[in-house]
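Just model19.tsv here, TSV, C-alpha atoms and all ligand atoms:
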```tsv
chain	number	residue	atom	x	y	z
D	29	MET	CA	146.26	125.58	101.59
D	30	ASN	CA	146.84	125.63	97.87
D	31	ASN	CA	144.90	124.42	94.90
D	32	ARG	CA	143.86	120.99	96.13
D	33	LYS	CA	140.88	118.67	96.04
D	34	ALA	CA	137.96	119.55	98.28
D	35	VAL	CA	137.65	117.32	101.35
D	36	ALA	CA	134.67	118.95	103.04
D	37	ARG	CA	131.38	120.41	101.86
D	38	ILE	CA	128.46	122.21	103.45
D	39	SER	CA	125.53	119.78	103.26
D	40	ALA	CA	122.89	121.99	104.93
D	41	THR	CA	122.39	125.57	106.09
D	42	SER	CA	119.88	127.29	108.35
D	43	ARG	CA	119.18	130.54	110.11
D	44	PHE	CA	117.24	131.91	113.05
D	45	LEU	CA	116.33	135.57	113.37
D	46	PRO	CA	114.32	136.90	116.31
D	47	ASP	CA	110.94	138.44	115.42
D	48	GLN	CA	111.39	141.88	116.93
D	49	ILE	CA	112.48	144.50	114.40
D	50	MET	CA	114.26	147.70	115.43
D	51	THR	CA	114.07	150.25	112.61
D	52	ASN	CA	116.22	153.30	111.98
D	53	ALA	CA	113.20	155.37	113.06
D	54	ASP	CA	113.34	153.60	116.46
D	55	LEU	CA	117.02	154.58	116.74
D	56	GLU	CA	116.19	158.21	115.90
D	57	ARG	CA	114.24	158.26	119.17
D	58	MET	CA	117.19	156.86	121.15
D	59	VAL	CA	120.28	158.74	119.89
D	60	ASP	CA	121.11	161.79	117.77
D	61	THR	CA	120.94	160.09	114.37
D	62	SER	CA	118.68	159.89	111.32
D	63	ASP	CA	117.34	157.21	109.02
D	64	ALA	CA	118.96	159.06	106.09
D	65	TRP	CA	122.43	159.06	107.74
D	66	ILE	CA	122.26	155.38	108.68
D	67	ARG	CA	121.05	154.31	105.22
D	68	GLU	CA	123.56	156.45	103.37
D	69	ARG	CA	126.61	155.63	105.52
D	70	THR	CA	125.84	151.93	106.22
D	71	GLY	CA	122.98	150.64	104.04
D	72	ILE	CA	121.17	149.33	107.12
D	73	ARG	CA	117.40	149.95	107.45
D	74	GLU	CA	116.49	147.66	110.35
D	75	ARG	CA	117.90	144.94	112.59
D	76	ARG	CA	116.48	142.12	114.75
D	77	ILE	CA	116.61	142.24	118.53
D	78	ALA	CA	116.26	139.10	120.66
D	79	PRO	CA	113.94	139.24	123.69
D	80	PRO	CA	115.57	139.44	127.14
D	81	GLU	CA	115.00	135.75	127.90
D	82	MET	CA	116.60	134.60	124.63
D	83	GLY	CA	120.41	134.43	124.48
D	84	ALA	CA	123.07	132.98	122.21
D	85	VAL	CA	122.31	129.43	123.34
D	86	GLN	CA	118.62	129.50	122.47
D	87	MET	CA	119.18	131.19	119.10
D	88	GLY	CA	121.98	128.73	118.35
D	89	GLU	CA	119.76	125.81	119.35
D	90	ARG	CA	117.05	126.94	116.91
D	91	ALA	CA	119.53	127.32	114.04
D	92	ALA	CA	121.28	124.02	114.88
D	93	ASN	CA	118.07	122.00	114.96
D	94	ALA	CA	116.93	123.48	111.65
D	95	ALA	CA	120.27	122.66	109.96
D	96	LEU	CA	120.19	119.05	111.19
D	97	GLU	CA	116.62	118.64	110.02
D	98	LYS	CA	117.50	119.96	106.54
D	99	ALA	CA	120.47	117.57	106.38
D	100	GLY	CA	118.23	114.67	107.39
D	101	LEU	CA	120.37	114.04	110.47
D	102	SER	CA	119.61	113.57	114.13
D	103	PRO	CA	121.58	115.24	116.95
D	104	SER	CA	123.31	111.93	117.73
D	105	ASP	CA	124.87	112.01	114.24
D	106	VAL	CA	126.98	115.05	115.18
D	107	ASP	CA	130.63	114.17	115.86
D	108	ILE	CA	131.86	117.68	116.61
D	109	LEU	CA	130.00	120.90	117.43
D	110	ILE	CA	131.76	124.24	117.00
D	111	VAL	CA	130.04	127.42	118.17
D	112	THR	CA	131.25	130.87	117.23
D	113	THR	CA	130.07	133.77	119.36
D	114	ALA	CA	131.30	137.04	120.77
D	115	THR	CA	128.29	137.15	123.07
D	116	PRO	CA	128.17	133.97	125.19
D	117	ASP	CA	125.29	133.64	127.66
D	118	ARG	CA	127.88	132.97	130.35
D	119	LEU	CA	131.67	133.06	130.37
D	120	LEU	CA	131.99	129.50	131.67
D	121	PRO	CA	131.18	126.85	130.46
D	122	SER	CA	131.37	127.27	126.70
D	123	THR	CA	128.29	128.17	124.67
D	124	ALA	CA	129.01	125.06	122.59
D	125	CYS	CA	128.48	122.77	125.60
D	126	GLU	CA	125.20	124.54	126.35
D	127	VAL	CA	124.03	124.19	122.72
D	128	GLN	CA	125.12	120.54	122.79
D	129	SER	CA	122.88	119.95	125.79
D	130	ALA	CA	120.00	121.98	124.33
D	131	ILE	CA	119.90	119.96	121.09
D	132	GLY	CA	120.79	116.63	122.72
D	133	ALA	CA	123.91	115.98	120.63
D	134	SER	CA	125.22	113.71	123.35
D	135	ARG	CA	127.81	111.86	121.26
D	136	CYS	CA	129.86	114.86	120.09
D	137	PHE	CA	132.58	116.96	121.60
D	138	ALA	CA	131.84	120.68	121.60
D	139	TYR	CA	133.93	123.81	121.75
D	140	ASP	CA	133.71	127.57	121.26
D	141	LEU	CA	135.74	129.53	118.77
D	142	GLN	CA	136.10	133.28	119.29
D	143	ALA	CA	137.22	135.25	116.25
D	144	ALA	CA	134.49	137.93	116.31
D	145	CYS	CA	132.94	138.55	112.88
D	146	THR	CA	135.44	136.19	111.20
D	147	GLY	CA	134.46	133.32	113.50
D	148	PHE	CA	132.36	131.44	110.98
D	149	LEU	CA	135.12	131.20	108.37
D	150	TYR	CA	137.68	130.15	110.99
D	151	ALA	CA	135.23	127.49	112.23
D	152	LEU	CA	134.57	126.25	108.71
D	153	SER	CA	138.32	125.66	108.33
D	154	CYS	CA	138.43	123.83	111.68
D	155	ALA	CA	135.52	121.65	110.54
D	156	GLU	CA	137.33	120.92	107.29
D	157	GLY	CA	140.49	120.03	109.23
D	158	HIS	CA	138.60	117.63	111.53
D	159	ILE	CA	137.15	115.91	108.47
D	160	ALA	CA	140.52	115.77	106.67
D	161	ALA	CA	142.06	114.23	109.81
D	162	ARG	CA	139.20	111.68	109.90
D	163	GLN	CA	138.19	112.84	113.38
D	164	ALA	CA	134.64	113.49	112.21
D	165	GLU	CA	132.13	112.66	109.51
D	166	THR	CA	129.66	115.33	110.62
D	167	VAL	CA	130.61	118.70	112.07
D	168	LEU	CA	127.92	121.16	113.08
D	169	VAL	CA	129.03	124.81	112.97
D	170	VAL	CA	126.75	127.26	114.77
D	171	ALA	CA	127.28	131.04	114.71
D	172	THR	CA	125.07	132.78	117.25
D	173	GLU	CA	125.21	136.39	118.38
D	174	LYS	CA	123.21	138.58	120.74
D	175	MET	CA	125.00	141.79	119.77
D	176	SER	CA	122.27	143.90	121.41
D	177	VAL	CA	123.60	143.04	124.89
D	178	ILE	CA	127.12	144.32	124.21
D	179	THR	CA	126.02	147.37	122.23
D	180	ASN	CA	126.39	150.75	123.91
D	181	TRP	CA	122.98	152.21	123.10
D	182	GLU	CA	124.26	155.72	123.90
D	183	ASP	CA	127.01	155.58	121.26
D	184	ARG	CA	125.45	156.61	117.96
D	185	ALA	CA	128.56	155.68	115.98
D	186	SER	CA	128.23	151.97	116.83
D	187	CYS	CA	124.69	151.28	118.07
D	188	VAL	CA	123.17	151.73	114.61
D	189	LEU	CA	125.27	148.90	113.18
D	190	PHE	CA	124.44	145.66	115.01
D	191	GLY	CA	121.67	143.09	115.33
D	192	ASP	CA	120.94	139.64	116.78
D	193	GLY	CA	120.57	136.24	115.12
D	194	ALA	CA	122.12	132.87	114.38
D	195	GLY	CA	123.12	130.68	111.46
D	196	ALA	CA	124.26	127.08	111.27
D	197	VAL	CA	125.80	124.73	108.72
D	198	VAL	CA	126.46	121.01	108.59
D	199	VAL	CA	129.92	120.13	107.25
D	200	GLN	CA	130.50	116.63	105.85
D	201	PRO	CA	133.04	114.90	103.58
D	202	SER	CA	133.03	115.99	99.96
D	203	LEU	CA	131.34	113.49	97.63
D	204	ASN	CA	132.15	114.56	94.06
D	205	GLY	CA	134.74	117.29	94.38
D	206	GLU	CA	132.31	119.86	95.77
D	207	GLY	CA	133.24	121.77	98.92
D	208	VAL	CA	136.01	124.05	100.14
D	209	LEU	CA	138.59	124.71	97.41
D	210	SER	CA	140.78	127.19	99.25
D	211	SER	CA	140.84	129.23	102.48
D	212	HIS	CA	143.13	131.93	103.77
D	213	HIS	CA	142.83	133.46	107.24
D	214	SER	CA	144.86	136.06	109.15
D	215	SER	CA	144.89	138.02	112.37
D	216	ASN	CA	146.70	141.04	113.80
D	217	GLY	CA	146.49	141.44	117.57
D	218	ASP	CA	148.51	144.68	117.40
D	219	LEU	CA	145.28	146.40	116.36
D	220	ALA	CA	143.09	144.82	119.06
D	221	SER	CA	142.09	148.17	120.55
D	222	LEU	CA	140.31	149.28	117.35
D	223	LEU	CA	137.32	147.11	118.28
D	224	GLN	CA	137.02	145.84	121.83
D	225	ARG	CA	135.14	145.39	125.09
D	226	PRO	CA	137.84	146.52	127.51
D	227	ALA	CA	136.26	145.58	130.86
D	228	GLY	CA	134.58	142.49	132.25
D	229	GLY	CA	137.45	140.05	131.80
D	230	GLY	CA	140.46	139.15	133.90
D	231	ARG	CA	142.47	142.35	133.39
D	232	LEU	CA	139.71	144.87	134.11
D	233	PRO	CA	137.07	143.05	136.19
D	234	LEU	CA	133.72	144.79	136.45
D	235	ASN	CA	133.24	147.37	139.17
D	236	GLU	CA	130.75	150.19	139.64
D	237	GLU	CA	132.87	152.80	137.89
D	238	ARG	CA	133.56	150.64	134.83
D	239	LEU	CA	129.90	149.72	134.59
D	240	ARG	CA	128.91	153.38	134.84
D	241	ASN	CA	131.39	154.26	132.06
D	242	GLN	CA	130.04	151.39	129.90
D	243	GLU	CA	133.57	149.97	129.61
D	244	HIS	CA	132.09	146.47	129.29
D	245	MET	CA	130.35	147.49	126.07
D	246	LEU	CA	131.63	147.51	122.51
D	247	GLN	CA	134.07	150.31	121.63
D	248	MET	CA	135.00	150.88	118.02
D	249	SER	CA	137.20	153.12	115.88
D	250	GLY	CA	134.85	153.03	112.90
D	251	PRO	CA	136.85	154.70	110.10
D	252	GLU	CA	140.06	152.71	110.91
D	253	ILE	CA	138.07	149.46	110.96
D	254	PHE	CA	136.46	150.44	107.67
D	255	LYS	CA	139.78	150.90	105.86
D	256	ALA	CA	141.35	147.75	107.31
D	257	ALA	CA	138.23	145.69	106.47
D	258	VAL	CA	138.21	146.62	102.79
D	259	LYS	CA	141.94	146.07	102.30
D	260	SER	CA	142.06	142.76	104.17
D	261	MET	CA	138.92	141.17	102.72
D	262	ALA	CA	139.86	142.16	99.19
D	263	LYS	CA	143.37	140.71	99.58
D	264	ALA	CA	142.15	137.47	101.19
D	265	GLY	CA	139.45	137.09	98.54
D	266	SER	CA	141.94	137.54	95.70
D	267	LYS	CA	144.34	135.07	97.31
D	268	VAL	CA	141.81	132.24	97.66
D	269	MET	CA	140.62	132.73	94.07
D	270	LYS	CA	144.24	132.51	92.89
D	271	ASP	CA	145.01	129.49	95.10
D	272	ALA	CA	141.95	127.71	93.72
D	273	GLY	CA	143.13	128.48	90.18
D	274	MET	CA	140.16	130.77	89.60
D	275	CYS	CA	139.47	134.39	88.74
D	276	ALA	CA	136.60	136.76	89.52
D	277	ASP	CA	134.69	135.62	86.42
D	278	ASP	CA	134.53	132.09	87.86
D	279	VAL	CA	132.76	133.26	91.03
D	280	ASP	CA	128.98	132.87	90.80
D	281	ILE	CA	128.31	134.71	94.04
D	282	MET	CA	130.24	136.45	96.79
D	283	VAL	CA	128.70	136.20	100.26
D	284	PRO	CA	130.66	138.74	102.31
D	285	HIS	CA	130.40	139.58	106.00
D	286	GLN	CA	127.59	142.13	106.28
D	287	ALA	CA	128.90	145.16	108.17
D	288	ASN	CA	128.45	148.17	105.90
D	289	ILE	CA	127.29	148.39	102.28
D	290	ARG	CA	130.21	150.69	101.48
D	291	ILE	CA	132.69	148.09	102.82
D	292	ILE	CA	130.99	145.42	100.68
D	293	GLU	CA	130.97	147.59	97.54
D	294	SER	CA	134.63	148.54	97.93
D	295	THR	CA	135.67	144.93	98.60
D	296	ALA	CA	133.72	143.75	95.55
D	297	ARG	CA	135.32	146.47	93.41
D	298	TYR	CA	138.86	145.45	94.51
D	299	ALA	CA	138.04	141.78	93.92
D	300	ARG	CA	136.51	142.73	90.51
D	301	ILE	CA	133.17	141.11	91.27
D	302	PRO	CA	130.16	143.11	90.04
D	303	MET	CA	127.50	143.89	92.65
D	304	ASP	CA	124.88	141.78	90.88
D	305	ARG	CA	126.98	138.78	91.93
D	306	VAL	CA	127.27	139.91	95.56
D	307	PHE	CA	124.80	138.82	98.21
D	308	VAL	CA	123.56	141.64	100.47
D	309	ASN	CA	121.01	141.38	103.29
D	310	LEU	CA	122.41	143.88	105.79
D	311	GLN	CA	119.50	146.24	105.10
D	312	HIS	CA	117.31	143.81	107.10
D	313	TYR	CA	119.64	142.57	109.83
D	314	GLY	CA	122.62	144.93	110.24
D	315	ASN	CA	125.83	143.30	111.42
D	316	ILE	CA	125.18	139.99	113.24
D	317	SER	CA	128.92	139.40	113.66
D	318	SER	CA	129.90	135.78	112.96
D	319	ALA	CA	126.34	134.83	111.96
D	320	THR	CA	126.19	137.06	108.86
D	321	ILE	CA	127.74	134.56	106.43
D	322	PRO	CA	125.74	131.41	107.38
D	323	VAL	CA	122.54	133.48	107.42
D	324	GLY	CA	123.51	134.88	104.01
D	325	LEU	CA	124.28	131.43	102.58
D	326	ASP	CA	120.92	130.13	103.77
D	327	GLU	CA	119.01	133.02	102.20
D	328	ALA	CA	121.01	132.87	98.96
D	329	ILE	CA	120.16	129.16	98.61
D	330	GLU	CA	116.49	129.87	99.31
D	331	GLU	CA	116.51	132.61	96.65
D	332	GLY	CA	118.05	130.19	94.12
D	333	ARG	CA	121.28	132.18	93.92
D	334	ILE	CA	123.36	129.23	95.17
D	335	GLY	CA	122.79	125.73	93.81
D	336	PRO	CA	124.76	122.59	93.00
D	337	GLY	CA	128.01	123.54	91.26
D	338	SER	CA	127.90	127.25	92.21
D	339	VAL	CA	131.27	128.79	93.03
D	340	VAL	CA	130.83	130.77	96.26
D	341	LEU	CA	133.37	133.23	97.64
D	342	MET	CA	133.06	134.24	101.30
D	343	THR	CA	135.02	137.03	102.97
D	344	ALA	CA	134.98	138.24	106.56
D	345	PHE	CA	136.62	140.76	108.87
D	346	GLY	CA	136.29	141.48	112.56
D	347	ALA	CA	137.70	142.34	115.97
D	348	GLY	CA	141.08	140.94	116.81
D	349	LEU	CA	141.76	142.03	114.19
D	350	THR	CA	140.81	138.89	112.29
D	351	TRP	CA	139.98	138.35	108.63
D	352	GLY	CA	139.78	135.67	106.01
D	353	ALA	CA	138.23	134.25	102.87
D	354	THR	CA	137.03	130.87	101.67
D	355	ILE	CA	136.07	129.77	98.19
D	356	MET	CA	133.97	126.67	97.64
D	357	ARG	CA	132.10	124.78	94.97
D	358	TRP	CA	128.56	124.02	96.13
S	1	LIG	N1	124.24	159.36	113.03
S	1	LIG	C1	124.60	160.58	112.62
S	1	LIG	N2	125.87	161.00	112.59
S	1	LIG	C2	126.82	160.12	112.95
S	1	LIG	C3	126.51	158.82	113.39
S	1	LIG	C4	125.15	158.45	113.41
S	1	LIG	N3	124.75	157.23	113.79
S	1	LIG	N4	127.66	158.19	113.69
S	1	LIG	C5	128.67	159.06	113.46
S	1	LIG	N5	128.15	160.24	113.02
S	1	LIG	C6	128.86	161.44	112.65
S	1	LIG	C7	130.22	161.56	113.32
S	1	LIG	O1	130.11	162.10	114.62
S	1	LIG	C8	130.94	162.49	112.37
S	1	LIG	O2	130.51	163.82	112.63
S	1	LIG	P1	131.55	165.05	112.50
S	1	LIG	O3	131.99	165.04	111.06
S	1	LIG	O4	130.73	166.21	112.89
S	1	LIG	O5	132.65	164.71	113.44
S	1	LIG	C9	130.37	162.10	110.99
S	1	LIG	O6	129.14	161.40	111.26
S	1	LIG	C10	131.28	161.19	110.21
S	1	LIG	O7	131.75	160.17	111.09
S	1	LIG	P2	132.68	159.01	110.61
S	1	LIG	O8	132.94	158.08	111.75
S	1	LIG	O9	133.86	159.57	109.86
S	1	LIG	O10	131.69	158.32	109.57
S	1	LIG	P3	131.97	157.16	108.56
S	1	LIG	O11	131.62	157.60	107.23
S	1	LIG	O12	133.33	156.54	108.76
S	1	LIG	O13	130.90	156.08	109.01
S	1	LIG	C11	130.79	154.05	110.26
S	1	LIG	C12	130.94	155.56	110.32
S	1	LIG	C13	129.44	153.74	109.69
S	1	LIG	C14	130.90	153.50	111.67
S	1	LIG	C15	131.90	153.45	109.36
S	1	LIG	O14	133.16	153.96	109.72
S	1	LIG	C16	131.95	151.94	109.45
S	1	LIG	O15	131.05	151.25	109.05
S	1	LIG	N6	133.07	151.39	109.94
S	1	LIG	C17	133.21	149.97	110.09
S	1	LIG	C18	132.74	149.61	111.45
S	1	LIG	C19	132.21	148.23	111.54
S	1	LIG	O16	131.62	147.70	110.64
S	1	LIG	N7	132.39	147.61	112.70
S	1	LIG	C20	131.82	146.36	112.95
S	1	LIG	C21	132.76	145.33	113.36
S	1	LIG	S1	134.03	145.04	112.24
S	1	LIG	C22	133.24	144.49	110.96
S	1	LIG	O17	132.22	143.84	111.12
S	1	LIG	C23	133.78	144.82	109.63
```
What would you get if you wrote out this structure as C-alpha cells?
Amino acid sequence: MNNRKAVARISATSRFLPDQIMTNADLERMVDTSDAWIRERTGIRERRIAPPEMGAVQMGERAANAALEKAGLSPSDVDILIVTTATPDRLLPSTACEVQSAIGASRCFAYDLQAACTGFLYALSCAEGHIAARQAETVLVVATEKMSVITNWEDRASCVLFGDGAGAVVVQPSLNGEGVLSSHHSSNGDLASLLQRPAGGGRLPLNEERLRNQEHMLQMSGPEIFKAAVKSMAKAGSKVMKDAGMCADDVDIMVPHQANIRIIESTARYARIPMDRVFVNLQHYGNISSATIPVGLDEAIEEGRIGPGSVVLMTAFGAGLTWGATIMRW
C-alpha cells in the first residue's frame, strides 16, 4: 500500500489489565534470576497476572466493552469483530465467537487472527480492508492474551518476559483524512522454531511425556529473536514512513511492541526517532504479546501524548516469524 488517502481511523481505544502484580522480586523466589538482571537486560520491573478463572475471553470482553463505550457505540453497532490471541481459552470455537457472545454483538461476524505479537497490526490492516471494501462501517479489534498460561515458569530465560492483559480499538471510516496512511507486514515461516509451542496441536498431541517435558509451553531462542526483531521492525518502520511520504521528524510518537527495552531502543535508533518520542510501558506489564500496542495507544492518549492530528508509528514483531509497521494520523 503506497502513499494514499486514509480510509480507516481508530475512533476509540481501551485496555484491561488484571489487578495482580508479579514483581521481579517474586520471580527471584521462583527461578535463578535477579531484579537487577531483569531490569538491565529487559527493562521490565513487573507484570500483571490474570486469576485462574479469568481467560482471554473475559479480558477481551472487558476491553471490548470499554472501547465501545468510549466510542459511544452499542454492541449491535459492530459489523465485524476480530480477536487476536496466542492464548485462546479453548482451541475450538474461536475466541472471537466467545467474545461476540460475551458482549452481545449479535449482528457481527467474528473471527480470530493468529500472528503472535504482530497480531494487532495484522488485524488493523484487515479492519481497514473490510472498511475499504465497504463490508463494514464499524470493526472492533480486540487483542487479548493470557501469556501466564503458556509460560514455562521453570525457564528463567523466558518466564521473566511475559504478562497478561487486553487492549481493544474501534476502527471506522476516515472522516477528514485521519487514519492509516501506510502499512507494511511480513512473515517468515522458515524461522518458526525460534519461538514456538511445539506440542498440543495436531502434529504432537499432548501425552504424559510431552506434558512432563513442558513441550506445550513457550520455547524461545532469545538472542536470535532479539536480532531479528530489531532488524525487521526498523526496516518495516522506515518503509511505512517512506510510503507515507514522511520522515522520522514527522513522527510525533512511536508506539512499538513492548518486548525488551533494548529492542525498542535499537529499533528507535535505526528509525532515527529519539527516545523522548517513543512510548514505553513495558516496565509495568512486560510483553503482553498482541495486546502491547493497543494498551500502549490507550495509555499514550490518556497521557496526552497522542491527540487529534498526531502522527503515530507502530511497529511489531513476533512468533511466526511475523512483523510489521503501520503509520497513521490520529
Ligand atoms: N536471569 C539471570 N540470568 C539469565 C536469565 C535470567 N532471567 N536469562 C538468561 N540468563 C543468563 C543466560 O543463561 C546467560 O548466561 P551465560 O552467559 O552464563 O550462558 C546470560 O544470562 C546471557 O544470556 P542471553 O540469552 O545471551 O541474554 P540476552 O542479553 O540475549 O537477554 C533476553 C536474553 C532478555 C531473552 C533477550 O535475548 C531478549 O529479549 N530476546 C527477545 C525475546 C523476546 O522478546 N521474545 C518475545 C517474543 S518475540 C517479541 O515479542 C519481540
From D:Arg184, D:Arg67, D:Arg305, D:Arg357, residue lying nearest ligand LIG 1 (chain S) [only C-alpha atoms and all ligand atoms]: D:Arg184
Expected answer as number ranges by chain: residues within 7 Å of ligand LIG 1 (chain S), all atoms listed in the file: D: 60-62, 65-66, 69-70, 145, 184-186, 188-189, 223, 248, 250-251, 253-254, 257, 285-288, 315, 317, 345-347
Arg37 in chain D environment, 7 Å, only C-alpha atoms, sequence neighbours closer than 6 positions dropped, as a PyMOL selection string: chain D and resi 199-202+206-208
Keeping only C-alpha atoms, write those residues as an mmCIF file, keeping the file's coordinate frame.
```cif
data_model
loop_
_atom_site.group_PDB
_atom_site.id
_atom_site.type_symbol
_atom_site.label_atom_id
_atom_site.label_comp_id
_atom_site.auth_asym_id
_atom_site.auth_seq_id
_atom_site.Cartn_x
_atom_site.Cartn_y
_atom_site.Cartn_z
ATOM 1 C CA VAL D 199 129.920 120.130 107.250
ATOM 2 C CA GLN D 200 130.500 116.630 105.850
ATOM 3 C CA PRO D 201 133.040 114.900 103.580
ATOM 4 C CA SER D 202 133.030 115.990 99.960
ATOM 5 C CA GLU D 206 132.310 119.860 95.770
ATOM 6 C CA GLY D 207 133.240 121.770 98.920
ATOM 7 C CA VAL D 208 136.010 124.050 100.140
#
```
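Closest approach to Ile289 in chain D from the set D:Ile77, D:Val35, D:Leu234, D:Ile72 is made by D:Ile72, with distances taken over all atoms listed in the file.
Taking only C-alpha atoms into account, Ala194 in chain D lies nearest to D:Val85 out of the set D:Ile131, D:Ala124, D:Ala99, D:Val85.
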Distance of CA of Cys154 in chain D from CA of Leu96 in chain D, expressed in Å to one decimal place: 18.9 Å
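If you measure from each of D:Ser214, D:Ala91, D:Ala319, D:Ser176 to Thr113 in chain D using only C-alpha atoms, the closest one turns out to be D:Ala319.
Using all atoms listed in the file, the shortest contact distance between Ser266 in chain D and any of D:Arg135, D:Lys33, D:Arg76, D:His212 is found at D:His212.
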Protein/DNA/RNA residues near (118.4, 132.4, 120.0), cut 12 Å, all atoms listed in the file, as a VMD selection string: chain D and resid 43 to 47 76 to 93 113 115 to 117 123 127 130 170 to 175 192 to 196 319
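Counting all atoms listed in the file, Gln163 in chain D has the following residues at most 12 Å away, ignoring those fewer than 5 positions along the same chain: Val106, Asp107, Ile108, Cys136, Phe137, Cys154, Ala155, Glu156, Gly157, His158, Gln200 and Pro201 of chain D.
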Store the residues of this selection in a file with C-alpha atoms, as a PDB file, in the coordinates of the input.
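Below is the file selection_0.pdb, written as the result:
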```pdb
ATOM      1  CA  VAL D 106     126.980 115.050 115.180  1.00  0.00           C
ATOM      2  CA  ASP D 107     130.630 114.170 115.860  1.00  0.00           C
ATOM      3  CA  ILE D 108     131.860 117.680 116.610  1.00  0.00           C
ATOM      4  CA  CYS D 136     129.860 114.860 120.090  1.00  0.00           C
ATOM      5  CA  PHE D 137     132.580 116.960 121.600  1.00  0.00           C
ATOM      6  CA  CYS D 154     138.430 123.830 111.680  1.00  0.00           C
ATOM      7  CA  ALA D 155     135.520 121.650 110.540  1.00  0.00           C
ATOM      8  CA  GLU D 156     137.330 120.920 107.290  1.00  0.00           C
ATOM      9  CA  GLY D 157     140.490 120.030 109.230  1.00  0.00           C
ATOM     10  CA  HIS D 158     138.600 117.630 111.530  1.00  0.00           C
ATOM     11  CA  GLN D 200     130.500 116.630 105.850  1.00  0.00           C
ATOM     12  CA  PRO D 201     133.040 114.900 103.580  1.00  0.00           C
TER      13      PRO D 201
END
```
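Among the candidates D:Gly217, D:Trp181, D:Gly100, D:Val197, the one nearest to Leu149 in chain D when counting all atoms listed in the file is D:Val197.
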Could you name the residues that touch Gly332 in chain D at 12 Å or less, counting all atoms listed in the file, but leaving out those on the same chain fewer than 4 positions away, as a compact mmCIF listing (two decimals) with C-alpha atoms, in the frame of the given file?
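Output contents, as saved in result-v5.txt:
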```txt
# COMPACT_ATOMS: atom_id res chain seq x y z
CA ASP D 280 128.98 132.87 90.80
CA ILE D 281 128.31 134.71 94.04
CA PHE D 307 124.80 138.82 98.21
CA LEU D 325 124.28 131.43 102.58
CA ASP D 326 120.92 130.13 103.77
CA GLU D 327 119.01 133.02 102.20
CA ALA D 328 121.01 132.87 98.96
CA PRO D 336 124.76 122.59 93.00
CA SER D 338 127.90 127.25 92.21
```
